[in-house]
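Below is one structure, written out as structure tokens, with a few remarks after it.
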Amino acid sequence: MDINLSQTFIAVDDHDKALAFYRDVLGLEVRNDVGFEDMRWVTVGSPTQPDVDIVLEPPLADPNAAPADREAVSELLAKGLLRGVIFRTDDCDATFERIRSAGGEVLQEPIDQPYGVRDCAFRDPAGNMLRFSQPRKQ
């Protein structure tokens, strides 16, 4: 039996701002941008990983969620308290410079971590923490 990751989700509060960041700054390709009634299905992904989609969705996409729950999750997103995503890069420093020069909100400059990677961190426009990790050369 073979099990592979197909899709993962990142909460965003504005699809257009998210697309400008993930497509224009990070260089991910837009795979789907489909509207249906009051919803929008947007997926992006790395050209080198055609079988893995990142779904950019509202903080609480469940149409049956209570308004109080939607508000609570939106507040957590705004504070940057939802889980982040770690991307792998072959050049942490160059990735850092590209995102920083495009106006990305820096959380951590590139640093060698004791657990074997060099990484840096940013916030996306919705407040999610994104880390960019480069395995250290042996």
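All residue names refer to the structure tokens as shown: chains lettered A, B, ... in order, residues numbered from 1 in each chain, ligands numbered from 1 in order.
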Using only C-alpha atoms, find each residue in region 2-109 of chain A having at least one atom no more than 9 Å away from region 123-131 of chain A; report its shortest atom-to-atom pair and that distance in Å (one decimal), rows by chain then rising number, as CSV.
```
residue,atom,partner,partner_atom,distance
A:Ile10,CA,A:Asn128,CA,8.0
A:Ala11,CA,A:Ala126,CA,7.6
A:Val12,CA,A:Ala126,CA,5.3
A:Asp13,CA,A:Ala126,CA,5.8
A:Asp14,CA,A:Ala126,CA,7.4
A:Lys17,CA,A:Pro125,CA,6.5
A:Ala18,CA,A:Pro125,CA,6.3
A:Phe21,CA,A:Asp124,CA,7.1
A:Tyr22,CA,A:Asp124,CA,8.4
A:Leu77,CA,A:Gly127,CA,6.1
A:Ala78,CA,A:Gly127,CA,5.7
A:Lys79,CA,A:Gly127,CA,6.7
A:Gly80,CA,A:Gly127,CA,4.6
A:Leu81,CA,A:Asn128,CA,7.5
A:Leu82,CA,A:Asn128,CA,6.6
A:Arg83,CA,A:Asn128,CA,7.1
A:Gly84,CA,A:Met129,CA,4.6
A:Val85,CA,A:Leu130,CA,5.0
A:Ile86,CA,A:Arg131,CA,4.6
A:Phe87,CA,A:Arg131,CA,6.1
A:Arg88,CA,A:Arg131,CA,8.3
A:Gly104,CA,A:Arg123,CA,7.0
A:Glu105,CA,A:Arg123,CA,5.4
A:Val106,CA,A:Arg123,CA,6.8
A:Leu107,CA,A:Arg123,CA,6.9
A:Gln108,CA,A:Arg131,CA,8.8
```
Residue list (strand (DSSP E or B), DSSP) for chain A, as a PyMOL selection string: chain A and resi 7-11+29-36+39-45+53-57+85-88+105-112+117-123+129-135
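The residue that comes closest to Thr89 (chain A), out of A:Asp16, A:Asp119, A:Asp112, A:Glu37 and on the basis of only C-alpha atoms, is A:Asp119.
Residues within 12 Å of Arg23 (chain A), counting only C-alpha atoms and excluding same-chain residues fewer than 2 positions away, are His15, Asp16, Lys17, Ala18, Leu19, Ala20, Phe21, Val25, Leu26, Gly27, Leu28, Glu29, Val30, Arg31, Val42, Thr43, Val44, Gly45, Ser46, Pro47, Ile54, Leu56, Ile99 and Asp124 of chain A.
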message: Just want the 8 Å neighbourhood of Arg118 (chain A), counted on only C-alpha atoms, with same-chain residues fewer than 4 positions away dropped. Output as a list in words.
response: Cys92, Pro110, Ile111, Asp112, Gln113, Ser133, Gln134, Pro135 and Arg136 of chain A
- request: Extract the full set of alpha helix (DSSP H) residues from region 1-76 of chain A according to DSSP on the backbone, and format it as a count of residues only.
  value: 15
Shell of 9 Å around Ser6 (chain A), only C-alpha atoms, local chain residues under 2 positions omitted, as an mmCIF file with all heavy atoms, in the first residue's frame:
```cif
data_model
loop_
_atom_site.group_PDB
_atom_site.id
_atom_site.type_symbol
_atom_site.label_atom_id
_atom_site.label_comp_id
_atom_site.auth_asym_id
_atom_site.auth_seq_id
_atom_site.Cartn_x
_atom_site.Cartn_y
_atom_site.Cartn_z
ATOM 1 N N ASN A 4 0.393 8.822 -0.129
ATOM 2 C CA ASN A 4 1.113 10.055 -0.430
ATOM 3 C C ASN A 4 0.263 11.265 -0.074
ATOM 4 O O ASN A 4 -0.958 11.214 -0.141
ATOM 5 C CB ASN A 4 1.455 10.136 -1.927
ATOM 6 C CG ASN A 4 2.398 9.053 -2.351
ATOM 7 O OD1 ASN A 4 3.537 9.028 -1.931
ATOM 8 N ND2 ASN A 4 1.916 8.146 -3.176
ATOM 9 N N THR A 8 -2.817 19.935 1.122
ATOM 10 C CA THR A 8 -2.716 20.484 2.458
ATOM 11 C C THR A 8 -3.378 21.854 2.427
ATOM 12 O O THR A 8 -3.559 22.428 1.354
ATOM 13 C CB THR A 8 -1.250 20.543 2.938
ATOM 14 O OG1 THR A 8 -1.219 20.861 4.320
ATOM 15 C CG2 THR A 8 -0.435 21.535 2.132
ATOM 16 N N ASP A 51 2.103 16.742 -7.875
ATOM 17 C CA ASP A 51 1.072 15.929 -7.237
ATOM 18 C C ASP A 51 0.696 16.413 -5.834
ATOM 19 O O ASP A 51 -0.057 15.750 -5.125
ATOM 20 C CB ASP A 51 1.509 14.466 -7.189
ATOM 21 C CG ASP A 51 2.848 14.272 -6.515
ATOM 22 O OD1 ASP A 51 3.593 15.258 -6.356
ATOM 23 O OD2 ASP A 51 3.168 13.134 -6.140
ATOM 24 N N VAL A 52 1.203 17.579 -5.404
ATOM 25 C CA VAL A 52 0.867 18.134 -4.098
ATOM 26 C C VAL A 52 0.291 19.534 -4.290
ATOM 27 O O VAL A 52 0.942 20.414 -4.838
ATOM 28 C CB VAL A 52 2.098 18.201 -3.163
ATOM 29 C CG1 VAL A 52 1.715 18.828 -1.832
ATOM 30 C CG2 VAL A 52 2.706 16.816 -2.958
ATOM 31 N N ASP A 53 -0.954 19.719 -3.835
ATOM 32 C CA ASP A 53 -1.639 21.015 -3.923
ATOM 33 C C ASP A 53 -1.737 21.642 -2.542
ATOM 34 O O ASP A 53 -1.989 20.954 -1.552
ATOM 35 C CB ASP A 53 -3.063 20.859 -4.454
ATOM 36 C CG ASP A 53 -3.113 20.472 -5.920
ATOM 37 O OD1 ASP A 53 -2.195 20.830 -6.667
ATOM 38 O OD2 ASP A 53 -4.098 19.816 -6.306
ATOM 39 N N ILE A 54 -1.570 22.952 -2.490
ATOM 40 C CA ILE A 54 -1.821 23.728 -1.281
ATOM 41 C C ILE A 54 -3.128 24.467 -1.516
ATOM 42 O O ILE A 54 -3.242 25.261 -2.449
ATOM 43 C CB ILE A 54 -0.683 24.723 -1.011
ATOM 44 C CG1 ILE A 54 0.638 23.984 -0.811
ATOM 45 C CG2 ILE A 54 -1.014 25.597 0.203
ATOM 46 C CD1 ILE A 54 1.858 24.903 -0.819
#
```
